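Peer 1: Encoded as structure tokens, here's the structure I'll be asking about.
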Amino acid sequence: MKKTTQLKTMLDSLELEFLMEAHNGLSARIVEQSGFKGIWASGFAISASLGVRDNNEASWTQVLEVAEFMSDCTAIPVLLDGDTGYGNFNNLRRLVRKLEQRDIAGVCIEDKLFPKTNSFLSERQPLAGIDEFCGKIKAGKDTQRDDDFCIIARTEAFIAGWGLEEVLKRAMAYHQAGADAVLIHSKIDSCAEIESFMRAWGNRGPVMIVPTKYYKTPTQTFRDLGIGLVIWANHLMRSAISAMRQTAMQIYDLQSLHAVEDRIATLAEVFELQNADELQQAEKRYLPPIAGN
């Protein structure tokens, strides 16, 4: 099944589905091997892995290159966190073409202004006009060649301090403009805003959420509300920071590898993630024998 079709099937599923964050090819392989059906190519996590801020400091082509590595080394769909689409409708049209060329299954765009600010970082979150953002969605849908390529419309109205009325108005407009799903983002520590939206939404179309701040909410609550897809949005990147910092500090303090060797991945595990065995088999098939063997 095509990766785009896999993602589309997840959005249309009657069951709650999940995407796990990845920020490079290695983490994407780990997501796939852990059993997840799809990958969230997080803009925040990719930016962090590149050592820059989540303010479009990494160019869209740099982000695209990382997402391409993720797609190349996995058989499950990648949904790119495309921020605002990196500009206006014309920038999004080019992005969609390039994503399809790289077998990336979809893109999520948000209704903030370029350059964006991370949703959890600042109270100042100006939003694009509804008509402008709807035009961007339509341009993306008109550009795609694969009918199953997905464009997700993410509204930041709750993040920006607007109430339910504005969130609902934007979500309905984006749905009517052709978005394959809407992502409703909230940064409060409870599911209250999401619950209020779902009660008013009336199952008009698939809804996605990112429960980073309301992580204590039982997953069954999301099922009961009729949410279609949950994104675990940054947890591999954050766990990698913790593990790498601990290892680096311990090696620095002890000036030795002895204390860390038994709690880090083996070289064999790394080779397996890199699919090294496939290359060795290919070498036997395609390279001439070494003289004397």
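The way I read the labels, and the way they are meant: chains A, B, ... in the order of the structure tokens, residue 1 as the first residue of every chain, and ligand 1 as the first ligand shown, with later ones counted on from there.
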Can you check which residues of range 135-231 of chain A DSSP gives as alpha helix (DSSP H) on the backbone and send them as number ranges by chain?
Peer 2: A: 135-143, 164-176, 192-201, 219-225
Peer 1: Determine, using only C-alpha atoms, which residues of range 67-97 of chain A have any atom at most 10 Å from an atom of range 2-13 of chain A, and tabulate each with its shortest atom pair and distance in Å to one decimal place, rows ordered by chain and then rising number, as CSV.
Peer 2:
```
residue,atom,partner,partner_atom,distance
A:Ser71,CA,A:Lys3,CA,9.3
A:Thr74,CA,A:Lys3,CA,9.9
A:Ala75,CA,A:Lys3,CA,7.3
A:Ile76,CA,A:Lys3,CA,6.1
A:Pro77,CA,A:Lys3,CA,4.7
A:Val78,CA,A:Lys3,CA,7.8
A:Leu79,CA,A:Leu7,CA,8.0
```
Peer 1: Run DSSP on the backbone of this structure and report the residues of range 84-173 of chain A it assigns to strand (DSSP E or B), as a PDB file with C-alpha atoms, in the first residue's frame.
Peer 2:
```pdb
ATOM      1  CA  GLY A 106       1.342  14.541   3.835  1.00  0.00           C
ATOM      2  CA  VAL A 107       1.971  17.918   5.397  1.00  0.00           C
ATOM      3  CA  CYS A 108       0.442  19.741   8.336  1.00  0.00           C
ATOM      4  CA  ILE A 109       0.289  23.535   8.052  1.00  0.00           C
ATOM      5  CA  GLU A 110      -0.685  25.983  10.781  1.00  0.00           C
ATOM      6  CA  LYS A 112       0.227  31.438  12.142  1.00  0.00           C
ATOM      7  CA  LEU A 127      -2.701  34.368  13.166  1.00  0.00           C
ATOM      8  CA  CYS A 150      -2.930  14.594   2.928  1.00  0.00           C
ATOM      9  CA  ILE A 151      -2.993  18.251   3.891  1.00  0.00           C
ATOM     10  CA  ILE A 152      -3.776  18.819   7.557  1.00  0.00           C
ATOM     11  CA  ALA A 153      -4.944  22.254   8.705  1.00  0.00           C
ATOM     12  CA  ARG A 154      -3.795  23.170  12.191  1.00  0.00           C
ATOM     13  CA  THR A 155      -5.437  26.055  13.967  1.00  0.00           C
TER      14      THR A 155
END
```
Peer 1: Nearest to Ala177 in chain A: which of A:Lys37, A:Arg29, A:Lys138, A:Arg93 is it, counting only C-alpha atoms?
Peer 2: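 Smallest separation from Ala177 in chain A among the options: A:Lys138.
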Peer 1: If we count only C-alpha atoms, what is near Phe197 in chain A at a cut-off of 9 Å, once residues fewer than 5 positions away on the same chain are taken out, given as an mmCIF file with N, CA and C atoms, in the first residue's frame?
Peer 2:
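New file out-v6.cif:
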```cif
data_model
loop_
_atom_site.group_PDB
_atom_site.id
_atom_site.type_symbol
_atom_site.label_atom_id
_atom_site.label_comp_id
_atom_site.auth_asym_id
_atom_site.auth_seq_id
_atom_site.Cartn_x
_atom_site.Cartn_y
_atom_site.Cartn_z
ATOM 1 N N LEU A 164 -13.603 29.424 21.849
ATOM 2 C CA LEU A 164 -14.131 28.319 21.051
ATOM 3 C C LEU A 164 -14.765 28.806 19.753
ATOM 4 N N VAL A 167 -12.113 29.268 17.148
ATOM 5 C CA VAL A 167 -11.526 27.973 16.799
ATOM 6 C C VAL A 167 -12.463 27.201 15.886
ATOM 7 N N LEU A 168 -13.732 27.167 16.251
ATOM 8 C CA LEU A 168 -14.719 26.431 15.459
ATOM 9 C C LEU A 168 -14.892 27.058 14.081
ATOM 10 N N ILE A 184 -6.358 20.484 16.211
ATOM 11 C CA ILE A 184 -6.735 21.484 17.206
ATOM 12 C C ILE A 184 -5.677 21.470 18.301
ATOM 13 N N ALA A 192 -9.746 20.367 28.552
ATOM 14 C CA ALA A 192 -11.012 21.103 28.536
ATOM 15 C C ALA A 192 -11.280 21.772 27.192
ATOM 16 N N GLY A 202 -19.158 18.156 16.027
ATOM 17 C CA GLY A 202 -20.201 17.313 15.445
ATOM 18 C C GLY A 202 -19.714 16.340 14.386
#
```
Peer 1: Nearest to Leu121 in chain A: which of A:Ala160, A:Ala28, A:Val207, A:Val270 is it, counting only C-alpha atoms?
Peer 2: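 Ranked by minimum distance to Leu121 in chain A, first place goes to A:Ala160.
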Peer 1: When you look at Asn88 in chain A with a cut-off of 10 Å (counting only C-alpha atoms), what residues show up, excluding the ones that are within fewer than 2 positions of it in the same chain? I need them as a list in words.
Peer 2: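 Answer for this query is Thr84, Gly85, Tyr86, Asn90, Asn91, Leu92, Arg93, Leu113, Phe114, Glu132, Phe133, Gly135, Lys136 and Ala139 of chain A.
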Peer 1: Mind writing the picked residues with all heavy atoms as an mmCIF file, in the first residue's frame?
Peer 2:
```
data_model
loop_
_atom_site.group_PDB
_atom_site.id
_atom_site.type_symbol
_atom_site.label_atom_id
_atom_site.label_comp_id
_atom_site.auth_asym_id
_atom_site.auth_seq_id
_atom_site.Cartn_x
_atom_site.Cartn_y
_atom_site.Cartn_z
ATOM 1 N N THR A 84 4.049 26.967 8.751
ATOM 2 C CA THR A 84 3.042 27.769 8.034
ATOM 3 C C THR A 84 3.005 27.451 6.546
ATOM 4 O O THR A 84 2.275 28.107 5.793
ATOM 5 C CB THR A 84 3.328 29.263 8.206
ATOM 6 O OG1 THR A 84 4.589 29.564 7.584
ATOM 7 C CG2 THR A 84 3.380 29.658 9.670
ATOM 8 N N GLY A 85 3.797 26.486 6.123
ATOM 9 C CA GLY A 85 3.957 26.231 4.694
ATOM 10 C C GLY A 85 5.121 27.007 4.121
ATOM 11 O O GLY A 85 5.317 27.035 2.905
ATOM 12 N N TYR A 86 5.871 27.680 5.027
ATOM 13 C CA TYR A 86 7.097 28.398 4.676
ATOM 14 C C TYR A 86 6.850 29.582 3.741
ATOM 15 O O TYR A 86 7.695 29.930 2.917
ATOM 16 C CB TYR A 86 8.134 27.441 4.069
ATOM 17 C CG TYR A 86 8.349 26.209 4.902
ATOM 18 C CD1 TYR A 86 7.881 24.965 4.488
ATOM 19 C CD2 TYR A 86 8.987 26.291 6.135
ATOM 20 C CE1 TYR A 86 8.057 23.827 5.270
ATOM 21 C CE2 TYR A 86 9.169 25.159 6.927
ATOM 22 C CZ TYR A 86 8.699 23.933 6.493
ATOM 23 O OH TYR A 86 8.870 22.809 7.259
ATOM 24 N N ASN A 90 1.987 30.099 -2.784
ATOM 25 C CA ASN A 90 2.916 29.649 -3.816
ATOM 26 C C ASN A 90 4.033 28.817 -3.211
ATOM 27 O O ASN A 90 4.479 27.817 -3.807
ATOM 28 C CB ASN A 90 3.484 30.853 -4.563
ATOM 29 C CG ASN A 90 4.197 30.449 -5.834
ATOM 30 O OD1 ASN A 90 3.716 29.605 -6.586
ATOM 31 N ND2 ASN A 90 5.353 31.038 -6.084
ATOM 32 N N ASN A 91 4.503 29.202 -2.022
ATOM 33 C CA ASN A 91 5.512 28.398 -1.335
ATOM 34 C C ASN A 91 4.961 27.019 -1.006
ATOM 35 O O ASN A 91 5.669 26.007 -1.108
ATOM 36 C CB ASN A 91 5.969 29.096 -0.061
ATOM 37 C CG ASN A 91 6.581 30.456 -0.332
ATOM 38 O OD1 ASN A 91 5.861 31.450 -0.354
ATOM 39 N ND2 ASN A 91 7.878 30.517 -0.547
ATOM 40 N N LEU A 92 3.686 26.976 -0.597
ATOM 41 C CA LEU A 92 3.091 25.687 -0.263
ATOM 42 C C LEU A 92 2.956 24.815 -1.502
ATOM 43 O O LEU A 92 3.160 23.597 -1.437
ATOM 44 C CB LEU A 92 1.724 25.871 0.411
ATOM 45 C CG LEU A 92 1.066 24.559 0.828
ATOM 46 C CD1 LEU A 92 1.877 23.842 1.899
ATOM 47 C CD2 LEU A 92 -0.355 24.772 1.315
ATOM 48 N N ARG A 93 2.607 25.407 -2.628
ATOM 49 C CA ARG A 93 2.501 24.607 -3.852
ATOM 50 C C ARG A 93 3.822 23.915 -4.168
ATOM 51 O O ARG A 93 3.850 22.729 -4.512
ATOM 52 C CB ARG A 93 2.078 25.485 -5.029
ATOM 53 C CG ARG A 93 0.658 26.008 -4.934
ATOM 54 C CD ARG A 93 0.157 26.566 -6.245
ATOM 55 N NE ARG A 93 0.969 27.685 -6.732
ATOM 56 C CZ ARG A 93 0.665 28.379 -7.829
ATOM 57 N NH1 ARG A 93 -0.411 28.062 -8.535
ATOM 58 N NH2 ARG A 93 1.429 29.391 -8.201
ATOM 59 N N LEU A 113 1.660 33.204 11.328
ATOM 60 C CA LEU A 113 2.375 33.974 10.331
ATOM 61 C C LEU A 113 3.819 33.507 10.234
ATOM 62 O O LEU A 113 4.414 33.065 11.214
ATOM 63 C CB LEU A 113 2.337 35.463 10.672
ATOM 64 C CG LEU A 113 0.949 36.093 10.774
ATOM 65 C CD1 LEU A 113 1.077 37.578 11.112
ATOM 66 C CD2 LEU A 113 0.146 35.901 9.498
ATOM 67 N N PHE A 114 4.380 33.628 9.037
ATOM 68 C CA PHE A 114 5.778 33.289 8.805
ATOM 69 C C PHE A 114 6.648 34.504 9.103
ATOM 70 O O PHE A 114 6.336 35.605 8.676
ATOM 71 C CB PHE A 114 5.965 32.857 7.344
ATOM 72 C CG PHE A 114 7.381 32.503 6.987
ATOM 73 C CD1 PHE A 114 7.854 31.227 7.199
ATOM 74 C CD2 PHE A 114 8.240 33.452 6.440
ATOM 75 C CE1 PHE A 114 9.158 30.894 6.867
ATOM 76 C CE2 PHE A 114 9.545 33.130 6.114
ATOM 77 C CZ PHE A 114 9.998 31.847 6.327
ATOM 78 N N GLU A 132 -7.112 33.919 3.694
ATOM 79 C CA GLU A 132 -5.758 33.677 3.190
ATOM 80 C C GLU A 132 -5.345 32.233 3.432
ATOM 81 O O GLU A 132 -4.780 31.571 2.545
ATOM 82 C CB GLU A 132 -4.764 34.619 3.866
ATOM 83 C CG GLU A 132 -3.322 34.368 3.453
ATOM 84 C CD GLU A 132 -2.312 35.137 4.303
ATOM 85 O OE1 GLU A 132 -2.738 35.968 5.136
ATOM 86 O OE2 GLU A 132 -1.108 34.884 4.144
ATOM 87 N N PHE A 133 -5.608 31.733 4.634
ATOM 88 C CA PHE A 133 -5.198 30.372 4.951
ATOM 89 C C PHE A 133 -6.008 29.357 4.149
ATOM 90 O O PHE A 133 -5.464 28.339 3.706
ATOM 91 C CB PHE A 133 -5.350 30.110 6.448
ATOM 92 C CG PHE A 133 -4.628 28.880 6.919
ATOM 93 C CD1 PHE A 133 -3.241 28.854 7.001
ATOM 94 C CD2 PHE A 133 -5.318 27.733 7.268
ATOM 95 C CE1 PHE A 133 -2.565 27.715 7.417
ATOM 96 C CE2 PHE A 133 -4.664 26.591 7.699
ATOM 97 C CZ PHE A 133 -3.281 26.579 7.769
ATOM 98 N N GLY A 135 -7.098 29.848 1.177
ATOM 99 C CA GLY A 135 -6.486 29.867 -0.141
ATOM 100 C C GLY A 135 -5.245 29.014 -0.205
ATOM 101 O O GLY A 135 -4.969 28.349 -1.221
ATOM 102 N N LYS A 136 -4.493 29.005 0.876
ATOM 103 C CA LYS A 136 -3.285 28.183 0.939
ATOM 104 C C LYS A 136 -3.651 26.694 0.897
ATOM 105 O O LYS A 136 -3.002 25.903 0.193
ATOM 106 C CB LYS A 136 -2.508 28.517 2.214
ATOM 107 C CG LYS A 136 -1.113 27.958 2.278
ATOM 108 C CD LYS A 136 -0.409 28.345 3.578
ATOM 109 C CE LYS A 136 -0.112 29.824 3.653
ATOM 110 N NZ LYS A 136 0.722 30.161 4.843
ATOM 111 N N ALA A 139 -4.734 25.812 -2.629
ATOM 112 C CA ALA A 139 -3.588 25.755 -3.530
ATOM 113 C C ALA A 139 -2.836 24.449 -3.362
ATOM 114 O O ALA A 139 -2.400 23.826 -4.353
ATOM 115 C CB ALA A 139 -2.655 26.940 -3.259
#
```
Peer 1: Tell me which protein, DNA and RNA residues are within 12 Å of range 262-265 of chain A, counting only C-alpha atoms, leaving out same-chain ones fewer than 3 positions away, and put them as a PDB file with N, CA and C atoms, in the first residue's frame.
Peer 2:
```pdb
ATOM      1  N   ALA A 240      16.203  11.691  23.937  1.00  0.00           N
ATOM      2  CA  ALA A 240      17.578  11.626  23.436  1.00  0.00           C
ATOM      3  C   ALA A 240      18.460  12.663  24.131  1.00  0.00           C
ATOM      4  N   ALA A 243      19.334  11.327  27.624  1.00  0.00           N
ATOM      5  CA  ALA A 243      20.274  10.211  27.592  1.00  0.00           C
ATOM      6  C   ALA A 243      21.669  10.666  27.163  1.00  0.00           C
ATOM      7  N   MET A 244      21.729  11.509  26.144  1.00  0.00           N
ATOM      8  CA  MET A 244      23.043  11.958  25.671  1.00  0.00           C
ATOM      9  C   MET A 244      23.741  12.832  26.702  1.00  0.00           C
ATOM     10  N   GLN A 246      23.392  12.691  29.973  1.00  0.00           N
ATOM     11  CA  GLN A 246      23.852  11.843  31.069  1.00  0.00           C
ATOM     12  C   GLN A 246      25.127  11.099  30.667  1.00  0.00           C
ATOM     13  N   THR A 247      25.151  10.545  29.474  1.00  0.00           N
ATOM     14  CA  THR A 247      26.325   9.800  29.021  1.00  0.00           C
ATOM     15  C   THR A 247      27.541  10.710  28.875  1.00  0.00           C
ATOM     16  N   ALA A 248      27.329  11.872  28.267  1.00  0.00           N
ATOM     17  CA  ALA A 248      28.444  12.795  28.065  1.00  0.00           C
ATOM     18  C   ALA A 248      29.049  13.246  29.389  1.00  0.00           C
ATOM     19  N   GLN A 250      28.927  11.705  32.292  1.00  0.00           N
ATOM     20  CA  GLN A 250      29.577  10.614  33.003  1.00  0.00           C
ATOM     21  C   GLN A 250      30.947  10.299  32.399  1.00  0.00           C
ATOM     22  N   LEU A 257      35.051   4.883  29.565  1.00  0.00           N
ATOM     23  CA  LEU A 257      33.815   4.376  28.965  1.00  0.00           C
ATOM     24  C   LEU A 257      33.212   3.240  29.772  1.00  0.00           C
ATOM     25  N   HIS A 258      33.952   2.735  30.755  1.00  0.00           N
ATOM     26  CA  HIS A 258      33.559   1.509  31.439  1.00  0.00           C
ATOM     27  C   HIS A 258      32.172   1.621  32.072  1.00  0.00           C
ATOM     28  N   ALA A 259      31.853   2.754  32.673  1.00  0.00           N
ATOM     29  CA  ALA A 259      30.598   2.882  33.425  1.00  0.00           C
ATOM     30  C   ALA A 259      29.373   3.025  32.530  1.00  0.00           C
ATOM     31  N   ALA A 268      26.121  -3.520  17.456  1.00  0.00           N
ATOM     32  CA  ALA A 268      25.277  -4.405  16.645  1.00  0.00           C
ATOM     33  C   ALA A 268      23.884  -3.804  16.447  1.00  0.00           C
ATOM     34  N   GLU A 269      23.355  -3.161  17.481  1.00  0.00           N
ATOM     35  CA  GLU A 269      22.049  -2.511  17.353  1.00  0.00           C
ATOM     36  C   GLU A 269      22.104  -1.357  16.359  1.00  0.00           C
ATOM     37  N   VAL A 270      23.184  -0.614  16.382  1.00  0.00           N
ATOM     38  CA  VAL A 270      23.335   0.487  15.430  1.00  0.00           C
ATOM     39  C   VAL A 270      23.407  -0.054  14.009  1.00  0.00           C
ATOM     40  N   PHE A 271      24.206  -1.089  13.806  1.00  0.00           N
ATOM     41  CA  PHE A 271      24.334  -1.679  12.467  1.00  0.00           C
ATOM     42  C   PHE A 271      22.985  -2.200  11.976  1.00  0.00           C
ATOM     43  N   GLU A 272      22.206  -2.764  12.889  1.00  0.00           N
ATOM     44  CA  GLU A 272      20.888  -3.277  12.502  1.00  0.00           C
ATOM     45  C   GLU A 272      19.972  -2.143  12.057  1.00  0.00           C
ATOM     46  N   LEU A 273      19.990  -1.031  12.784  1.00  0.00           N
ATOM     47  CA  LEU A 273      19.175   0.123  12.396  1.00  0.00           C
ATOM     48  C   LEU A 273      19.628   0.702  11.065  1.00  0.00           C
TER      49      LEU A 273
END
```
Peer 1: If you measure from CA of Asp83 in chain A to CA of Ala41 in chain A, what distance in Å do you get, rounded to one decimal?
Peer 2: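 Distance between the two atoms: 11.0 Å.
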Peer 1: Mind giving me the straight-line distance from CA of Ser59 in chain A to CA of Val182 in chain A in Å, one decimal?
Peer 2: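 CA of Val182 in chain A lies 24.8 Å from CA of Ser59 in chain A.
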Peer 1: At what distance in Å, to one decimal, does CA of Pro206 in chain A lie from CA of Asp180 in chain A?
Peer 2: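 Calculated distance between CA of Asp180 in chain A and CA of Pro206 in chain A is 7.3 Å.
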Peer 1: What's the 12 Å shell around Arg238 in chain A, counting only C-alpha atoms, without same-chain residues fewer than 3 positions away, as a ChimeraX atom specification?
Peer 2: /A:21-23,27,42,44-46,48-49,212,232-235,241-245
Peer 1: Could you name the residues that touch Met208 in chain A at 8 Å or less, counting only C-alpha atoms, but leaving out those on the same chain fewer than 6 positions away, as a PyMOL selection string?
Peer 2: chain A and resi 181-184+227-231
Peer 1: Grab the residues selected above and save them as a PDB file, in the first residue's frame with C-alpha atoms.
Peer 2:
```pdb
ATOM      1  CA  ALA A 181      -8.222  16.767   8.768  1.00  0.00           C
ATOM      2  CA  VAL A 182      -7.997  19.579  11.289  1.00  0.00           C
ATOM      3  CA  LEU A 183      -5.490  19.683  14.112  1.00  0.00           C
ATOM      4  CA  ILE A 184      -6.735  21.484  17.206  1.00  0.00           C
ATOM      5  CA  ILE A 227     -10.709  12.111  18.158  1.00  0.00           C
ATOM      6  CA  GLY A 228      -9.146  10.377  15.175  1.00  0.00           C
ATOM      7  CA  LEU A 229      -5.423  10.704  15.646  1.00  0.00           C
ATOM      8  CA  VAL A 230      -3.029  11.558  18.480  1.00  0.00           C
ATOM      9  CA  ILE A 231       0.481  12.862  17.859  1.00  0.00           C
TER      10      ILE A 231
END
```
Peer 1: Taking into account only C-alpha atoms, which residue in the set A:Gly43, A:Tyr215, A:Leu254, A:Gly226 is nearest to Arg199 in chain A?
Peer 2: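 That would be A:Gly226, the residue with the smallest distance to Arg199 in chain A.
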Peer 1: Go through A:Asp148, A:Gln101, A:Arg53, A:Cys73 and flag the residue nearest Pro115 in chain A, using only C-alpha atoms for the distances.
Peer 2: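 Using only C-alpha atoms, Pro115 in chain A sits closest to A:Arg53.
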